[in-house]
Amino acid sequence: MSRSVLSAKHFHDEHAAYAYLEARIWPNGPVCPHCNGTDRISKMKGKSTRLGMYKCCACRKPFRVTVNTVFEKSHIPLRLWLQAVHMMASSKKGISANQIHRILGVTLKTAWFMCHRIRKAMEELGIASMGGEGKVVEADETYFGTIENVSDVTSTGRGFKTKFGRGGANKRAVLALVERGGSARTFHIATANQETAQKIMRENIARETHIHTDESNIYNLVAWRFAKHETVKHTAYEYVRGDVTTNSVEGYFSIFKRGMKGVYQHCSEKHLHRYLAEFDFRYNNRIALGIDDATRADRALKGIVGKRLTYRDPRN
């Protein structure tokens with residue numbers, strides 16, 4: 001974070017932190033999370049009253065801005081939450097829980113869980129179809145990490161291979177869709193095959209879109225579903241043919257893998273979808289689209305509502 005950002009009051013003062021969050025979650029004034037009421041809401045005051053508490057006279061229940069968010073029932077000061085959100089939003093390849101633990105002075109377990117809550121806030125829900133008439137969506141798959149509890153060697157002790165070298169056997173498959181000049185959407189899939197790829201592409205890409213892929217046979221049926229399908233043949237060292245390329249999606253994978261290997265280093269398979277959501281969020285809110293670090297952090301804060309994530313139920 002830059003010096004000007006580090007000096008912002010909401011990173012150091014708890015009252016300012018609550019005011020900052022309320023301005024982003026409630027731009028038109030307090031809203032009761034219990035009954036969605038906006039009238040007859042008063043701020044509770046008193047020495048024994050917790051900071052930022054309101055009371056709704058309609059349902060007669062107290063609340064504050066963190067209720068029904070990923071911050072709910074957290075004992076961590078809100079100013080530290082805001083610092084963690086900013087660090088994760090502004091670090092292009094991510095920031096490890098170990099680093100947040102050292103910077104914020106919280107335990108490593110707390111830092112790890114804070115990171116997962118923030119990744120939950122970064123998940124985009126109910127998003128519209130990608131592409132459209134005259135637009136290009138690039139699709140590609142990659143493999144990252146080994147599937148847990150499955151051997152990656154044959155019975156003879158040699159590694160699995162494909163005709164192009166060591167391939168994706170027993171590895172976690174990730175399918176990515178990247179709209180050229182726009183957003184990215186990634187999926188952790190059990191198997192990279194035609195059925196899975198077709199289902200994801202049908203559900204996420206508009207039919208009028210032009211699709212660019214490599215020569216992988218999992219995209220063989222794409223032409224039936226979309227306006228146009230162009231391929232580049234990587235096995236023949238062809239990477240660009242006119243405007244046909246998969247360089248955008250490969251650039252996304254480059255950032256993802258550098259972050260996962262260089263920053264996070266280890267990720268269990270059950271949490272891979274969370275890390276994908278984090279990298280998607282930063283890519284979709286990048287500086288090339290006119291979104292700076294502060295705006296990106298504010299967008300992450302707007303995603304905290306309605307996404308509870310608890311220690312006892314980490315699957316959400």
# chains A, B, ... in the order shown; residues from 1 in each chain; ligands from 1
>>> residues_around(residues="Lys261 (chain A)", least_positions_apart="5", cutoff="10 Å", atoms="only C-alpha atoms", output="JSON, numbers by chain")
{"A": [93, 144, 145, 256, 266, 267]}
>>> write_last_selection(atoms="C-alpha atoms", output="CSV table (one decimal), in the first residue's frame")
chain,number,residue,atom,x,y,z
A,93,LYS,CA,-0.6,-12.0,-7.5
A,144,PHE,CA,-2.7,-27.0,-11.4
A,145,GLY,CA,-1.7,-29.2,-8.5
A,256,PHE,CA,-2.8,-17.3,-11.7
A,266,HIS,CA,0.0,-24.7,-1.3
A,267,CYS,CA,-3.7,-24.9,-1.9
>>> residues_around(residues="Arg60 (chain A)", least_positions_apart="6", cutoff="12 Å", atoms="only C-alpha atoms", output="CSV table (one decimal) with N, CA and C atoms, in the first residue's frame")
chain,number,residue,atom,x,y,z
A,32,CYS,N,-32.1,-2.1,8.0
A,32,CYS,CA,-32.2,-3.2,8.9
A,32,CYS,C,-32.0,-4.5,8.2
A,33,PRO,N,-31.0,-5.3,8.6
A,33,PRO,CA,-30.8,-6.6,8.0
A,33,PRO,C,-31.8,-7.7,8.4
A,34,HIS,N,-32.6,-7.3,9.4
A,34,HIS,CA,-33.6,-8.3,9.9
A,34,HIS,C,-34.9,-8.2,9.1
A,35,CYS,N,-35.4,-6.9,8.9
A,35,CYS,CA,-36.7,-6.7,8.2
A,35,CYS,C,-36.6,-5.9,7.0
A,37,GLY,N,-36.1,-2.8,6.8
A,37,GLY,CA,-36.7,-1.5,7.0
A,37,GLY,C,-35.7,-0.4,6.9
A,40,ARG,N,-37.5,4.8,10.8
A,40,ARG,CA,-37.5,4.7,12.3
A,40,ARG,C,-36.3,3.9,12.7
A,41,ILE,N,-35.2,4.2,12.2
A,41,ILE,CA,-33.9,3.6,12.7
A,41,ILE,C,-33.1,4.6,13.4
A,42,SER,N,-32.7,4.3,14.6
A,42,SER,CA,-31.9,5.2,15.4
A,42,SER,C,-30.6,4.6,15.8
A,54,TYR,N,-27.2,0.1,15.8
A,54,TYR,CA,-28.4,0.8,15.5
A,54,TYR,C,-29.6,0.0,16.1
>>> residues_around(residues="region 45-49 of chain A", least_positions_apart="6", cutoff="12 Å", atoms="only C-alpha atoms", output="MDAnalysis selection string")
chainID A and resid 55 62:64
>>> write_last_selection(atoms="C-alpha atoms", output="PDB file, in the first residue's frame")
ATOM      1  CA  LYS A  55     -31.962  -0.173  16.535  1.00  0.00           C
ATOM      2  CA  PRO A  62     -30.442  -4.115  17.232  1.00  0.00           C
ATOM      3  CA  PHE A  63     -27.918  -4.396  14.424  1.00  0.00           C
ATOM      4  CA  ARG A  64     -24.825  -2.892  12.887  1.00  0.00           C
TER       5      ARG A  64
END
>>> closest_residue(among="A:Ile291, A:Ala176, A:Met88, A:Ala197", to="Val263 (chain A)", atoms="only C-alpha atoms")
A:Met88
>>> select_by_dssp(residues="region 34-225 of chain A", states="strand (DSSP E)", output="ChimeraX atom specification")
/A:41-43,54-56,61-63,136-146,171-179,184-189,210-214
>>> residues_around(residues="Ile25 (chain A)", least_positions_apart="6", cutoff="12 Å", atoms="only C-alpha atoms", output="tab-separated table (two decimals) with C-alpha atoms, in the first residue's frame")
chain	number	residue	atom	x	y	z
A	18	TYR	CA	-17.39	1.88	10.72
A	19	ALA	CA	-18.27	5.18	9.05
A	31	VAL	CA	-31.04	-0.62	6.36
A	32	CYS	CA	-32.19	-3.16	8.94
A	33	PRO	CA	-30.79	-6.61	7.99
A	64	ARG	CA	-24.82	-2.89	12.89
A	65	VAL	CA	-23.35	-2.78	9.41
A	66	THR	CA	-21.44	-6.06	9.83
A	67	VAL	CA	-24.61	-8.14	10.41
A	68	ASN	CA	-25.29	-10.60	7.56
A	69	THR	CA	-21.84	-10.06	6.08
A	298	ASP	CA	-14.45	-0.74	-2.34
A	299	ARG	CA	-15.94	-3.19	-4.83
A	300	ALA	CA	-14.76	-6.07	-2.68
A	301	LEU	CA	-16.44	-4.48	0.35
A	302	LYS	CA	-19.74	-4.26	-1.51
A	303	GLY	CA	-19.56	-8.03	-1.98
A	304	ILE	CA	-19.48	-8.84	1.75
A	305	VAL	CA	-23.27	-8.69	2.19
A	306	GLY	CA	-25.22	-11.95	2.46
>>> closest_atom_pairs(of="region 213-298 of chain A", to="region 103-126 of chain A", cutoff="12 Å", atoms="only C-alpha atoms", output="tab-separated table")
residue	atom	partner	partner_atom	distance
A:Tyr264	CA	A:Trp112	CA	11.0
A:Cys267	CA	A:Trp112	CA	11.8
A:His271	CA	A:His116	CA	8.7
A:Leu272	CA	A:His116	CA	10.9
A:His273	CA	A:Arg119	CA	9.5
A:Arg274	CA	A:Arg119	CA	5.9
A:Tyr275	CA	A:Arg119	CA	7.0
A:Leu276	CA	A:Arg119	CA	8.9
A:Ala277	CA	A:Glu123	CA	5.3
A:Glu278	CA	A:Arg119	CA	5.4
A:Phe279	CA	A:Met122	CA	9.1
A:Asp280	CA	A:Glu123	CA	8.4
A:Phe281	CA	A:Met122	CA	5.9
A:Arg282	CA	A:Met122	CA	8.7
A:Tyr283	CA	A:Met122	CA	11.4
A:Asn284	CA	A:Glu124	CA	10.1
A:Asn285	CA	A:Met122	CA	10.6
A:Arg296	CA	A:Met122	CA	10.1
A:Ala297	CA	A:Met122	CA	9.7
A:Asp298	CA	A:Met122	CA	10.8
>>> write_last_selection(atoms="N, CA and C atoms", output="PDB file, in the first residue's frame")
ATOM      1  N   TYR A 264       1.173 -18.273  -2.707  1.00  0.00           N
ATOM      2  CA  TYR A 264       0.409 -19.170  -1.848  1.00  0.00           C
ATOM      3  C   TYR A 264       1.090 -20.526  -1.662  1.00  0.00           C
ATOM      4  N   CYS A 267      -2.254 -25.148  -1.936  1.00  0.00           N
ATOM      5  CA  CYS A 267      -3.704 -24.940  -1.914  1.00  0.00           C
ATOM      6  C   CYS A 267      -4.376 -26.301  -1.984  1.00  0.00           C
ATOM      7  N   HIS A 271     -10.335 -25.930  -1.549  1.00  0.00           N
ATOM      8  CA  HIS A 271     -10.333 -24.468  -1.500  1.00  0.00           C
ATOM      9  C   HIS A 271      -9.943 -23.824  -2.826  1.00  0.00           C
ATOM     10  N   LEU A 272      -9.672 -24.615  -3.848  1.00  0.00           N
ATOM     11  CA  LEU A 272      -9.193 -24.045  -5.112  1.00  0.00           C
ATOM     12  C   LEU A 272     -10.185 -23.050  -5.702  1.00  0.00           C
ATOM     13  N   HIS A 273     -11.501 -23.337  -5.570  1.00  0.00           N
ATOM     14  CA  HIS A 273     -12.495 -22.423  -6.144  1.00  0.00           C
ATOM     15  C   HIS A 273     -12.434 -21.037  -5.495  1.00  0.00           C
ATOM     16  N   ARG A 274     -12.008 -20.961  -4.237  1.00  0.00           N
ATOM     17  CA  ARG A 274     -11.895 -19.664  -3.564  1.00  0.00           C
ATOM     18  C   ARG A 274     -10.756 -18.832  -4.174  1.00  0.00           C
ATOM     19  N   TYR A 275      -9.635 -19.484  -4.428  1.00  0.00           N
ATOM     20  CA  TYR A 275      -8.497 -18.773  -5.024  1.00  0.00           C
ATOM     21  C   TYR A 275      -8.825 -18.333  -6.447  1.00  0.00           C
ATOM     22  N   LEU A 276      -9.554 -19.165  -7.182  1.00  0.00           N
ATOM     23  CA  LEU A 276      -9.975 -18.764  -8.525  1.00  0.00           C
ATOM     24  C   LEU A 276     -10.862 -17.524  -8.469  1.00  0.00           C
ATOM     25  N   ALA A 277     -11.764 -17.467  -7.490  1.00  0.00           N
ATOM     26  CA  ALA A 277     -12.633 -16.292  -7.339  1.00  0.00           C
ATOM     27  C   ALA A 277     -11.804 -15.044  -7.064  1.00  0.00           C
ATOM     28  N   GLU A 278     -10.747 -15.184  -6.277  1.00  0.00           N
ATOM     29  CA  GLU A 278      -9.877 -14.052  -5.963  1.00  0.00           C
ATOM     30  C   GLU A 278      -9.171 -13.535  -7.216  1.00  0.00           C
ATOM     31  N   PHE A 279      -8.589 -14.452  -8.005  1.00  0.00           N
ATOM     32  CA  PHE A 279      -7.874 -14.026  -9.214  1.00  0.00           C
ATOM     33  C   PHE A 279      -8.856 -13.487 -10.269  1.00  0.00           C
ATOM     34  N   ASP A 280     -10.044 -14.075 -10.362  1.00  0.00           N
ATOM     35  CA  ASP A 280     -11.076 -13.544 -11.260  1.00  0.00           C
ATOM     36  C   ASP A 280     -11.415 -12.106 -10.887  1.00  0.00           C
ATOM     37  N   PHE A 281     -11.621 -11.879  -9.587  1.00  0.00           N
ATOM     38  CA  PHE A 281     -12.030 -10.549  -9.122  1.00  0.00           C
ATOM     39  C   PHE A 281     -10.994  -9.492  -9.491  1.00  0.00           C
ATOM     40  N   ARG A 282      -9.729  -9.780  -9.217  1.00  0.00           N
ATOM     41  CA  ARG A 282      -8.703  -8.780  -9.529  1.00  0.00           C
ATOM     42  C   ARG A 282      -8.573  -8.570 -11.029  1.00  0.00           C
ATOM     43  N   TYR A 283      -8.696  -9.630 -11.821  1.00  0.00           N
ATOM     44  CA  TYR A 283      -8.606  -9.492 -13.281  1.00  0.00           C
ATOM     45  C   TYR A 283      -9.782  -8.667 -13.810  1.00  0.00           C
ATOM     46  N   ASN A 284     -10.974  -8.906 -13.270  1.00  0.00           N
ATOM     47  CA  ASN A 284     -12.168  -8.212 -13.744  1.00  0.00           C
ATOM     48  C   ASN A 284     -12.252  -6.776 -13.247  1.00  0.00           C
ATOM     49  N   ASN A 285     -11.390  -6.419 -12.312  1.00  0.00           N
ATOM     50  CA  ASN A 285     -11.352  -5.054 -11.780  1.00  0.00           C
ATOM     51  C   ASN A 285      -9.926  -4.507 -11.869  1.00  0.00           C
ATOM     52  N   ARG A 296     -11.054  -0.876  -6.341  1.00  0.00           N
ATOM     53  CA  ARG A 296     -11.133  -2.341  -6.315  1.00  0.00           C
ATOM     54  C   ARG A 296     -11.464  -2.834  -4.905  1.00  0.00           C
ATOM     55  N   ALA A 297     -10.842  -2.232  -3.894  1.00  0.00           N
ATOM     56  CA  ALA A 297     -11.132  -2.611  -2.509  1.00  0.00           C
ATOM     57  C   ALA A 297     -12.574  -2.272  -2.143  1.00  0.00           C
ATOM     58  N   ASP A 298     -13.056  -1.122  -2.608  1.00  0.00           N
ATOM     59  CA  ASP A 298     -14.453  -0.745  -2.336  1.00  0.00           C
ATOM     60  C   ASP A 298     -15.427  -1.731  -2.980  1.00  0.00           C
TER      61      ASP A 298
END
>>> closest_residue(among="A:Glu203, A:Ala89, A:Lys9, A:Glu14", to="Ile127 (chain A)", atoms="only C-alpha atoms")
A:Glu203
>>> closest_residue(among="A:Leu80, A:Cys57, A:Val70, A:Val249", to="Ala17 (chain A)", atoms="only C-alpha atoms")
A:Leu80
